[in-house]
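Asks: My structure is below; once you've seen it, I'll send some questions.
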Amino acid sequence: MTDTSRLALRVRKLMKSFGERCVVNQVSFDIHRGEVVGLLGPNGAGKTTTVGMLYGAVRKDDGEVLFSGIGSEIASREARRVLGVVTQEDRLDSDFSVIENLIQFAHRHRLTGSQAVERAESLLKEFGIEEYRNYSTDNLSGGLRRRLVLARALMHKPYILFLDEPTSGLDPDARQAFWTYISNLKDRGYAILLTTHYMDEAEKLCDRLLLIQNGSIIDEGAPSDVILRHAGEDALELEGLEESKLKELLPEGGVYRHMFDGGFLVSRPGGSVQELWRLFHDLDLPTLKRRRSNLEDVFLLMTGRGLD
């Protein structure tokens, strides 16, 4: 039986078209408190449009979005109160200092005076940017700007966070630091919906994945389960073999795709490539590598595309 006591977000049959093109088609899912759910797919799959409909930036054509039983209509003040949003564009106001950006945002949610200042000071400390409180946002590094945007999204004390490509453009150290903040928020009971092109990020942070292609959810599950189901335990990368010969040698249950830099990716969904490894190893190919399967393999095998 599904535990509804910690249900934070319920989405049912969400639809969106632009002209004749359907970009989101019957999307449904739940997110619970203390859970990070990743919405993954190639460019143009419908991720950003889906997230935009959830917080009112994009008008939905049909479907239902409920935040712990509260409707998501843009006029619903209560629905807006429970949401914190980090978009790809930070939209910080360079006319205001770091702390003023937080306080101005708090005013939109009717948090004013000493309460707004105290909340801002607390978040600046939590995210390690208190020493920059009086800086112009133009003088912050990319990593510090993303921390400030996350702090801003938490000013009104929501319990659901939408993070749309939150670490895009950050260097590895800044990304790692941001991952720590996300993990801490999850441990404190926040419900988090994450979109990302970084597969290591998705595997590390997400409890569950929603795979979206052409506007539809094509699979969901824990990262390890999704990988095993579609790409197996391990995969082979090989070169020096004609495709016709590969098809001839590939046993039942084996699958392959052309790799972007040449050669083939070969896998056995739901199992191991041990038998295939022995088979191809005897051919003395110029390139033959065996490694653990990952989420990039999943998308290559399922769609013929990576997460570009």
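By convention here, the chains of the structure tokens are called A, B, ... in the order presented, each chain's residues are numbered starting at 1, and ligands are numbered starting at 1 in the order presented.
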Any chance you could tabulate, as CSV, the residues of range 177-205 of chain A at most 10 Å from range 46-61 of chain A with each one's nearest atom pair and distance in Å to one decimal, using only C-alpha atoms, in chain and rising number order?
Replies:
```
residue,atom,partner,partner_atom,distance
A:Leu193,CA,A:Val51,CA,8.5
A:Leu194,CA,A:Val51,CA,9.3
A:Thr195,CA,A:Lys47,CA,7.1
A:Thr196,CA,A:Lys47,CA,9.4
```
Asks: Pick out the residues sitting within 6 Å of Asn25 in chain A, and hand them over as a list in words; count only C-alpha atoms, and ignore anything fewer than 4 positions along from it in its own chain.
Replies: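 In the requested form, the answer reads Met15, Gly215 and Ser216 of chain A.
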Asks: Mind dumping the selected residues with N, CA and C atoms as a compact mmCIF listing (two decimals), in the first residue's frame?
Replies:
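That gives us out-v5.txt:
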```
# COMPACT_ATOMS: atom_id res chain seq x y z
N MET A 15 -0.97 17.67 -19.62
CA MET A 15 -0.94 17.81 -21.08
C MET A 15 -0.55 19.24 -21.46
N GLY A 215 7.76 13.91 -24.64
CA GLY A 215 6.66 14.38 -23.81
C GLY A 215 5.99 13.34 -22.95
N SER A 216 6.44 12.08 -23.00
CA SER A 216 5.79 11.01 -22.22
C SER A 216 6.80 10.34 -21.29
```
Asks: Between A:Gly44, A:Pro269, A:Gly38, A:Gly262, which has the minimum distance to Cys22 in chain A (counting only C-alpha atoms)?
Replies: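 Comparing A:Gly44, A:Pro269, A:Gly38, A:Gly262 against Cys22 in chain A, the winner is A:Gly44.
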Asks: Tyr198 in chain A: which residues within 12 Å, counting only C-alpha atoms, same-chain residues fewer than 5 positions away excluded, as a compact mmCIF listing (two decimals) with N, CA and C atoms, in the first residue's frame?
Replies:
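Ended up saving to part_5.txt:
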```txt
# COMPACT_ATOMS: atom_id res chain seq x y z
N GLY A 38 14.30 12.57 -9.97
CA GLY A 38 14.93 13.16 -11.14
C GLY A 38 14.06 13.00 -12.37
N LEU A 39 13.85 14.10 -13.09
CA LEU A 39 13.14 14.09 -14.37
C LEU A 39 14.20 14.20 -15.46
N LEU A 40 14.44 13.10 -16.17
CA LEU A 40 15.55 13.02 -17.10
C LEU A 40 15.07 12.75 -18.52
N GLY A 41 15.75 13.36 -19.47
CA GLY A 41 15.44 13.12 -20.87
C GLY A 41 16.31 14.00 -21.75
N PRO A 42 16.41 13.67 -23.04
CA PRO A 42 17.21 14.48 -23.96
C PRO A 42 16.57 15.85 -24.18
N ASP A 164 15.65 23.12 -11.61
CA ASP A 164 15.77 22.91 -13.05
C ASP A 164 17.21 23.19 -13.47
N GLU A 165 17.98 22.12 -13.72
CA GLU A 165 19.40 22.21 -14.10
C GLU A 165 20.16 23.12 -13.12
N PRO A 166 20.09 22.83 -11.82
CA PRO A 166 20.65 23.76 -10.83
C PRO A 166 22.16 23.91 -10.86
N THR A 167 22.89 22.91 -11.38
CA THR A 167 24.36 23.00 -11.37
C THR A 167 24.93 23.22 -12.76
N SER A 168 24.09 23.55 -13.72
CA SER A 168 24.57 23.78 -15.08
C SER A 168 25.60 24.90 -15.11
N GLY A 169 26.75 24.62 -15.73
CA GLY A 169 27.79 25.63 -15.86
C GLY A 169 28.73 25.75 -14.69
N LEU A 170 28.51 24.99 -13.62
CA LEU A 170 29.38 25.09 -12.45
C LEU A 170 30.60 24.18 -12.61
N PRO A 172 33.49 21.49 -11.14
CA PRO A 172 33.26 20.28 -10.33
C PRO A 172 33.17 20.53 -8.84
N ARG A 175 29.82 22.11 -8.03
CA ARG A 175 28.75 21.12 -8.18
C ARG A 175 28.69 20.22 -6.96
N GLN A 176 29.86 19.75 -6.50
CA GLN A 176 29.91 18.87 -5.33
C GLN A 176 29.32 19.57 -4.11
N TRP A 179 25.61 19.65 -4.36
CA TRP A 179 25.03 18.34 -4.06
C TRP A 179 24.84 18.15 -2.55
N GLU A 203 22.44 9.95 -10.48
CA GLU A 203 22.67 8.69 -9.77
C GLU A 203 22.97 8.93 -8.29
N LYS A 204 23.68 10.00 -7.99
CA LYS A 204 24.08 10.27 -6.61
C LYS A 204 22.92 10.82 -5.77
N LEU A 205 22.11 11.72 -6.36
CA LEU A 205 21.13 12.46 -5.58
C LEU A 205 19.73 11.85 -5.59
N CYS A 206 19.37 11.18 -6.66
CA CYS A 206 17.95 10.81 -6.85
C CYS A 206 17.61 9.46 -6.24
N ASN A 294 25.65 2.55 -17.12
CA ASN A 294 25.27 3.80 -16.46
C ASN A 294 24.04 4.40 -17.15
N LEU A 295 23.63 5.55 -16.65
CA LEU A 295 22.41 6.17 -17.19
C LEU A 295 22.59 6.67 -18.61
N GLU A 296 23.80 7.08 -18.98
CA GLU A 296 24.04 7.48 -20.37
C GLU A 296 23.76 6.30 -21.30
N GLY A 306 21.94 10.63 -26.54
CA GLY A 306 22.42 10.89 -25.20
C GLY A 306 21.66 12.06 -24.61
N LEU A 307 22.07 12.46 -23.41
CA LEU A 307 21.44 13.62 -22.76
C LEU A 307 22.25 14.86 -23.10
N ASP A 308 22.13 15.33 -24.38
CA ASP A 308 22.94 16.46 -24.81
C ASP A 308 22.36 17.76 -24.31
```
Asks: Could you give me, as number ranges by chain, each residue of range 28-249 of chain A that DSSP assigns to helix (DSSP H, G or I) when run on this structure's backbone?
Replies: A: 47-55, 77-81, 98-108, 113-126, 130-132, 137-139, 142-153, 172-187, 199-205, 223-231, 243-249
Asks: For the residues selected in the previous step, produce a file with C-alpha atoms as a tab-separated table (two decimals), in the first residue's frame.
Replies:
```tsv
chain	number	residue	atom	x	y	z
A	47	LYS	CA	11.29	18.44	-18.98
A	48	THR	CA	11.31	22.23	-18.64
A	49	THR	CA	7.74	22.56	-19.93
A	50	THR	CA	6.58	19.99	-17.39
A	51	VAL	CA	8.28	21.75	-14.50
A	52	GLY	CA	6.98	25.12	-15.74
A	53	MET	CA	3.41	23.84	-15.61
A	54	LEU	CA	3.88	22.64	-12.04
A	55	TYR	CA	4.61	26.11	-10.69
A	77	ARG	CA	-1.61	31.71	-2.78
A	78	GLU	CA	-1.37	28.58	-0.65
A	79	ALA	CA	0.00	26.54	-3.54
A	80	ARG	CA	2.66	29.17	-4.20
A	81	ARG	CA	3.56	29.23	-0.52
A	98	VAL	CA	23.02	39.79	-1.83
A	99	ILE	CA	20.93	40.14	1.32
A	100	GLU	CA	18.60	42.66	-0.34
A	101	ASN	CA	17.82	40.13	-3.06
A	102	LEU	CA	16.59	37.76	-0.36
A	103	ILE	CA	14.60	40.38	1.49
A	104	GLN	CA	12.93	41.68	-1.67
A	105	PHE	CA	11.90	38.14	-2.56
A	106	ALA	CA	10.53	37.63	0.96
A	107	HIS	CA	8.26	40.65	0.50
A	108	ARG	CA	6.48	38.85	-2.34
A	113	GLY	CA	10.57	43.60	8.64
A	114	SER	CA	12.77	41.82	11.16
A	115	GLN	CA	11.34	38.43	10.20
A	116	ALA	CA	12.58	38.83	6.62
A	117	VAL	CA	16.01	40.02	7.77
A	118	GLU	CA	16.39	37.19	10.28
A	119	ARG	CA	15.37	34.61	7.71
A	120	ALA	CA	17.80	36.06	5.17
A	121	GLU	CA	20.67	36.10	7.67
A	122	SER	CA	19.96	32.50	8.63
A	123	LEU	CA	20.02	31.29	5.03
A	124	LEU	CA	23.17	33.26	4.18
A	125	LYS	CA	24.88	31.45	7.03
A	126	GLU	CA	23.43	28.07	6.10
A	130	GLU	CA	27.18	35.49	4.86
A	131	GLU	CA	30.47	37.26	4.18
A	132	TYR	CA	29.07	38.37	0.81
A	137	THR	CA	25.33	39.94	-7.22
A	138	ASP	CA	27.46	40.87	-10.25
A	139	ASN	CA	30.54	40.24	-8.11
A	142	GLY	CA	28.80	31.12	-10.54
A	143	GLY	CA	28.80	28.77	-7.57
A	144	LEU	CA	27.96	31.54	-5.10
A	145	ARG	CA	25.16	32.81	-7.34
A	146	ARG	CA	23.58	29.34	-7.40
A	147	ARG	CA	23.79	29.11	-3.62
A	148	LEU	CA	22.07	32.48	-3.38
A	149	VAL	CA	19.31	31.39	-5.78
A	150	LEU	CA	18.73	28.26	-3.67
A	151	ALA	CA	18.62	30.38	-0.51
A	152	ARG	CA	16.11	32.71	-2.19
A	153	ALA	CA	13.88	29.74	-3.08
A	172	PRO	CA	33.26	20.28	-10.33
A	173	ASP	CA	33.97	21.65	-6.85
A	174	ALA	CA	30.94	23.98	-6.94
A	175	ARG	CA	28.75	21.12	-8.18
A	176	GLN	CA	29.91	18.87	-5.33
A	177	ALA	CA	29.13	21.61	-2.80
A	178	PHE	CA	25.67	22.09	-4.28
A	179	TRP	CA	25.03	18.34	-4.06
A	180	THR	CA	25.69	18.51	-0.32
A	181	TYR	CA	23.08	21.24	0.10
A	182	ILE	CA	20.50	19.22	-1.86
A	183	SER	CA	21.19	16.08	0.18
A	184	ASN	CA	20.84	18.04	3.44
A	185	LEU	CA	17.51	19.47	2.31
A	186	LYS	CA	16.26	16.00	1.46
A	187	ASP	CA	17.30	14.74	4.90
A	199	MET	CA	24.13	11.55	-15.01
A	200	ASP	CA	26.53	11.28	-12.07
A	201	GLU	CA	24.40	13.92	-10.35
A	202	ALA	CA	21.19	11.97	-11.01
A	203	GLU	CA	22.67	8.69	-9.77
A	204	LYS	CA	24.08	10.27	-6.61
A	205	LEU	CA	21.13	12.46	-5.58
A	223	PRO	CA	18.56	4.61	-10.66
A	224	SER	CA	20.06	1.14	-10.17
A	225	ASP	CA	16.80	-0.55	-11.21
A	226	VAL	CA	16.43	1.60	-14.34
A	227	ILE	CA	20.02	0.90	-15.36
A	228	LEU	CA	19.68	-2.86	-14.83
A	229	ARG	CA	16.36	-3.01	-16.64
A	230	HIS	CA	17.52	-1.20	-19.77
A	231	ALA	CA	21.32	-1.54	-19.90
A	243	GLU	CA	27.49	-4.33	-37.98
A	244	SER	CA	26.28	-7.34	-39.95
A	245	LYS	CA	28.77	-9.57	-38.11
A	246	LEU	CA	27.72	-8.06	-34.76
A	247	LYS	CA	24.08	-8.88	-35.49
A	248	GLU	CA	25.06	-12.42	-36.42
A	249	LEU	CA	27.04	-13.00	-33.23
```
Asks: With distances taken over only C-alpha atoms, which residue among A:Ala191, A:His156, A:Asn134, A:Thr87 lies nearest Leu7 in chain A?
Replies: A:Ala191
Asks: As a PyMOL selection string, please: every residue in range 107-304 of chain A that DSSP puts in strand (DSSP E or B).
Replies: chain A and resi 136+160-164+191-195+208-213+216-221+234-239+255-258+264-267+287-292
